[in-house]
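Chemist: Before we start, here is the structure in question, set down as structure tokens.
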There are 2 protein chains.
Amino acid sequence: MKSMFWKNNTLNILDQVKLPHGVEYIQAKDVDTVAEAICCLSVRGAPAIGAAAAYGLVLGALSINTKDTNIFLKELKQIKDKLLSTRPTAVNLKWALERLMSIAKQNVNLQIDDIKEMLLDEANRIFNKDVEVNQKIGEYGCELVPDNVIILTHCNAGALATAGFGTALGVVRAAHYKNKKVHVYSCETRPLLQGARLTTWEMLEEGIPITLITDNMAGYLMVRKKVDLVIVGADRIALNGDVANKIGTYSLSVLAKEHKIPFYVAAPVSTIDFELESGEQIPIEERAKEEVTHIKGMSIAPEGIDVWNPAFDVTPATLVDAIITEQGIMRKPYKENFEKIK
Amino acid sequence: MKSMFWKNNTLNILDQVKLPHGVEYIQAKDVDTVAEAICCLSVRGAPAIGAAAAYGLVLGALSINTKDTNIFLKELKQIKDKLLSTRPTAVNLKWALERLMSIAKQNVNLQIDDIKEMLLDEANRIFNKDVEVNQKIGEYGCELVPDNVIILTHCNAGALATAGFGTALGVVRAAHYKNKKVHVYSCETRPLLQGARLTTWEMLEEGIPITLITDNMAGYLMVRKKVDLVIVGADRIALNGDVANKIGTYSLSVLAKEHKIPFYVAAPVSTIDFELESGEQIPIEERAKEEVTHIKGMSIAPEGIDVWNPAFDVTPATLVDAIITEQGIMRKPYKENFEKIK
């Protein structure tokens, strides 16, 4: 099951809002449909958002009807800004869009149709390389996974959150493929239940033993079930190693510290924001209160109740034991080690 | 709005499963209806369970048709055991039932009808005294609440969880009545959403500012919103001060420690189990997996997924800064101080 695929100038996006009970693809033929799919989380997960946005920019480029390169670039920039504004936290969105924009800018002397083709090539490259990157993350991460292991994860940093294989779940997959005995506990991840809906589904498909818990059970799980390690993905990593990831990640890192359980982050180098010194500068998206007050359209709270709904939180580098990238396992001091792989 | 009331040999139980969208009372005329209401959480919260069980035993007693006191006592014991088996963690259930049983045993020489009347009197006493007890808890607890305070709470330890006024929310109410400026954050409390459904509702009715969060936001809330104190109720407290309470309480206590935020428990003395040395001995109820996989009957996870669903956890006394009872504020060493109020 692919999170997305490109065919006949259409981006087919697996509608993750409908999982696990429905498997439907959105056929995006224009940039607005892609932007909407990112906004409403039909496609989510930092690497998947990056790839979808790249294809979205291609769709936007294809719709520009001009022979004037300056006009083309100007309109392309507007489309890029629209895609960039869909979600503020995941840096892969910006990273992928800027890669395509720089291709366009470097080739202003070519025919516009040729530029459009190059943009599609680059989007394909981002998409295809992501799977390869994740497999490398899995390979490195596997070194940190003992046999007979109990792993706790949060949200979905799996094949669905990427072009395939996954980051945090890529490490789980790699360990499973190497015949290590793995048992995964998945936090359901309120409000949008990516753990309950997506991580469980991916692990069931893969035949990896998985148990679902509510988010507030994580601490007691550590006491009772002897969790060996926690592994999560990331939406943006600052230069000092602070990690923005799905809301609830920070609480897990504090609980892991209390129980002396290693806390790992798995993410591609494209998730590192080399321009941000620390996590304090990472913009944290706050989403609609209805995500908390309603589940599948059904109200679970009194009308008019006030809600705080940050979609992410920031885990300080001090609580992160290692960051697993396709370039190897990074440890403190993160800044120094990140600079080496920039 | 009363969590329950007795009228014409009927226990009217507010069906909390239907809150906040429906206000309906279950008219319990027999012990089975009461037992079912406790099992399915139509009535919940340790003190409310105690009172409901007491009335349930009265309904059971009224249905015993014999003039033989031995037979009466034997049947009453069976009814008590049925009620006792509804939920294992809250000790108030046992406490209330044993109070009624000892009344019956002490009065074997009386007419059975007189014993039945004494049982009802005792159930009324338990019910009525609970409000008074909670008001005292509120009064003592208020001393720990500064003005302009941000309070985080979990589940519902309010009027709905008791005969009235509440324990943890009783402290909040008392502070509000003394014109302290209070802002409450309520964790939604998965799986059964008592925070989202009940605590929000009680605070809205009372006009106390309240904001709803998902359980996994608590850690980040402490970072961002400067929470001043955490206060929760309890289902059973061991002699050493370990506290069993709604699942998620333990995680909050660890997070509170990390952020140097005082962590308080508010509960009547009847919640202290003087027979249990430590929390390790408290039986923790594990409930049906459907509570996690379904919300209001709607599936949110793949079919057949494995689930771990403990209804409570145990917070070690070391993480509890104070236990607020109707006899005053208890601090470490808990065992020594509990023995004084036994």
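Starting from 1 in every chain, residues are counted up; chains themselves are A, B, ... following the order of the structure tokens, and ligands are numbered from 1 as listed.
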Which residues of chain A are close to chain B, meaning at most 6 Å apart when you count only C-alpha atoms, and how do they look as JSON, numbers by chain?

Modeler: {"A": [20, 196, 197, 211, 212, 213, 215, 216, 217, 219, 248, 251, 301, 302, 306, 307, 308]}

Chemist: Excluding Pro146 (chain A) and any residue of its chain fewer than 6 positions from it, enumerate the residues within 10 Å of it, using only C-alpha atoms, and give them as a PDB file with C-alpha atoms, in the first residue's frame.

Modeler:
ATOM      1  CA  ALA A 175      14.635  -5.464  13.137  1.00  0.00           C
ATOM      2  CA  LYS A 180      14.578 -10.089  15.945  1.00  0.00           C
ATOM      3  CA  LYS A 181      11.559 -10.748  18.138  1.00  0.00           C
ATOM      4  CA  VAL A 182       9.734  -7.445  18.379  1.00  0.00           C
ATOM      5  CA  ASP A 228      12.956  -1.517  26.302  1.00  0.00           C
ATOM      6  CA  LEU A 229      12.977   1.539  24.097  1.00  0.00           C
TER       7      LEU A 229
END

Chemist: Pick out the closest residue to Ala37 (chain A) from this set: A:Arg87, A:Lys2, A:His294, A:Lys74. Count only C-alpha atoms.

Modeler: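 Among A:Arg87, A:Lys2, A:His294, A:Lys74, it is A:Arg87 that comes nearest to Ala37 (chain A).
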
Chemist: Check region 53-152 of chain B with DSSP on the backbone and list each residue it calls strand (DSSP E), as a PDB file with N, CA and C atoms, in the first residue's frame.

Modeler:
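Writing done, so here's selection-v4.pdb:
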ATOM      1  N   VAL B 149      -4.641  31.060  39.706  1.00  0.00           N
ATOM      2  CA  VAL B 149      -3.987  29.756  39.638  1.00  0.00           C
ATOM      3  C   VAL B 149      -4.405  28.993  38.379  1.00  0.00           C
ATOM      4  N   ILE B 150      -3.455  28.261  37.833  1.00  0.00           N
ATOM      5  CA  ILE B 150      -3.775  27.341  36.731  1.00  0.00           C
ATOM      6  C   ILE B 150      -3.669  25.923  37.281  1.00  0.00           C
ATOM      7  N   ILE B 151      -4.805  25.217  37.242  1.00  0.00           N
ATOM      8  CA  ILE B 151      -4.895  23.880  37.829  1.00  0.00           C
ATOM      9  C   ILE B 151      -5.115  22.863  36.723  1.00  0.00           C
ATOM     10  N   LEU B 152      -4.351  21.785  36.760  1.00  0.00           N
ATOM     11  CA  LEU B 152      -4.579  20.680  35.825  1.00  0.00           C
ATOM     12  C   LEU B 152      -5.233  19.533  36.588  1.00  0.00           C
TER      13      LEU B 152
END

Chemist: Would you mind telling me which residue in B:Ala123, B:Ile13, B:Ala322, B:Leu57 lies nearest to Tyr334 (chain B) when using only C-alpha atoms?

Modeler: B:Ala322

Chemist: Separation of CA of Asp321 (chain A) and CA of Ile231 (chain A), in Å?

Modeler: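 Separating CA of Asp321 (chain A) from CA of Ile231 (chain A) is a distance of 10.2 Å.
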
Chemist: Applying 10 Å and only C-alpha atoms, which residues near Asn9 (chain A) remain after dropping the ones on its own chain fewer than 4 positions away? List them as a VMD selection string.

Modeler: chain A and resid 27 to 30 55 58 to 59 62 120

Chemist: Output C-alpha atoms for every residue in the selection just made, as a short mmCIF file (atom, residue, chain, number, x, y, z; two decimals), in the first residue's frame.

Modeler:
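Contents of again10.cif, as written:
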data_model
loop_
_atom_site.label_atom_id
_atom_site.label_comp_id
_atom_site.auth_asym_id
_atom_site.auth_seq_id
_atom_site.Cartn_x
_atom_site.Cartn_y
_atom_site.Cartn_z
CA GLN A 27 -6.91 11.70 -7.51
CA ALA A 28 -5.23 15.09 -7.36
CA LYS A 29 -4.98 16.76 -10.74
CA ASP A 30 -4.33 20.27 -9.44
CA TYR A 55 4.26 16.70 -6.77
CA VAL A 58 4.62 19.96 -10.41
CA LEU A 59 0.83 20.00 -10.86
CA LEU A 62 1.86 22.07 -15.43
CA LEU A 120 8.70 16.19 -12.27
#

Chemist: DSSP says alpha helix (DSSP H) for which residues of region 35-191 of chain B? Put them as a ChimeraX atom specification?

Modeler: /B:35-39,46-63,69-84,91-106,112-142,168-177

Chemist: What's the 12 Å shell around Asn124 (chain B), counting only C-alpha atoms, without same-chain residues fewer than 5 positions away, as a PyMOL selection string?

Modeler: chain B and resi 4-7+11+50-56+58+96+100+117-119+129-131+163

Chemist: Mind giving me the straight-line distance from CA of Leu110 (chain A) to CA of Leu84 (chain A) in Å, one decimal?

Modeler: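 Separation between CA of Leu110 (chain A) and CA of Leu84 (chain A): 25.7 Å.
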
Chemist: Within 10 Å of Lys77 (chain A), counting only C-alpha atoms, which residues qualify if same-chain residues fewer than 4 places away don't, as a ChimeraX atom specification?

Modeler: /A:57,61,71-73,81-83,97-98,101
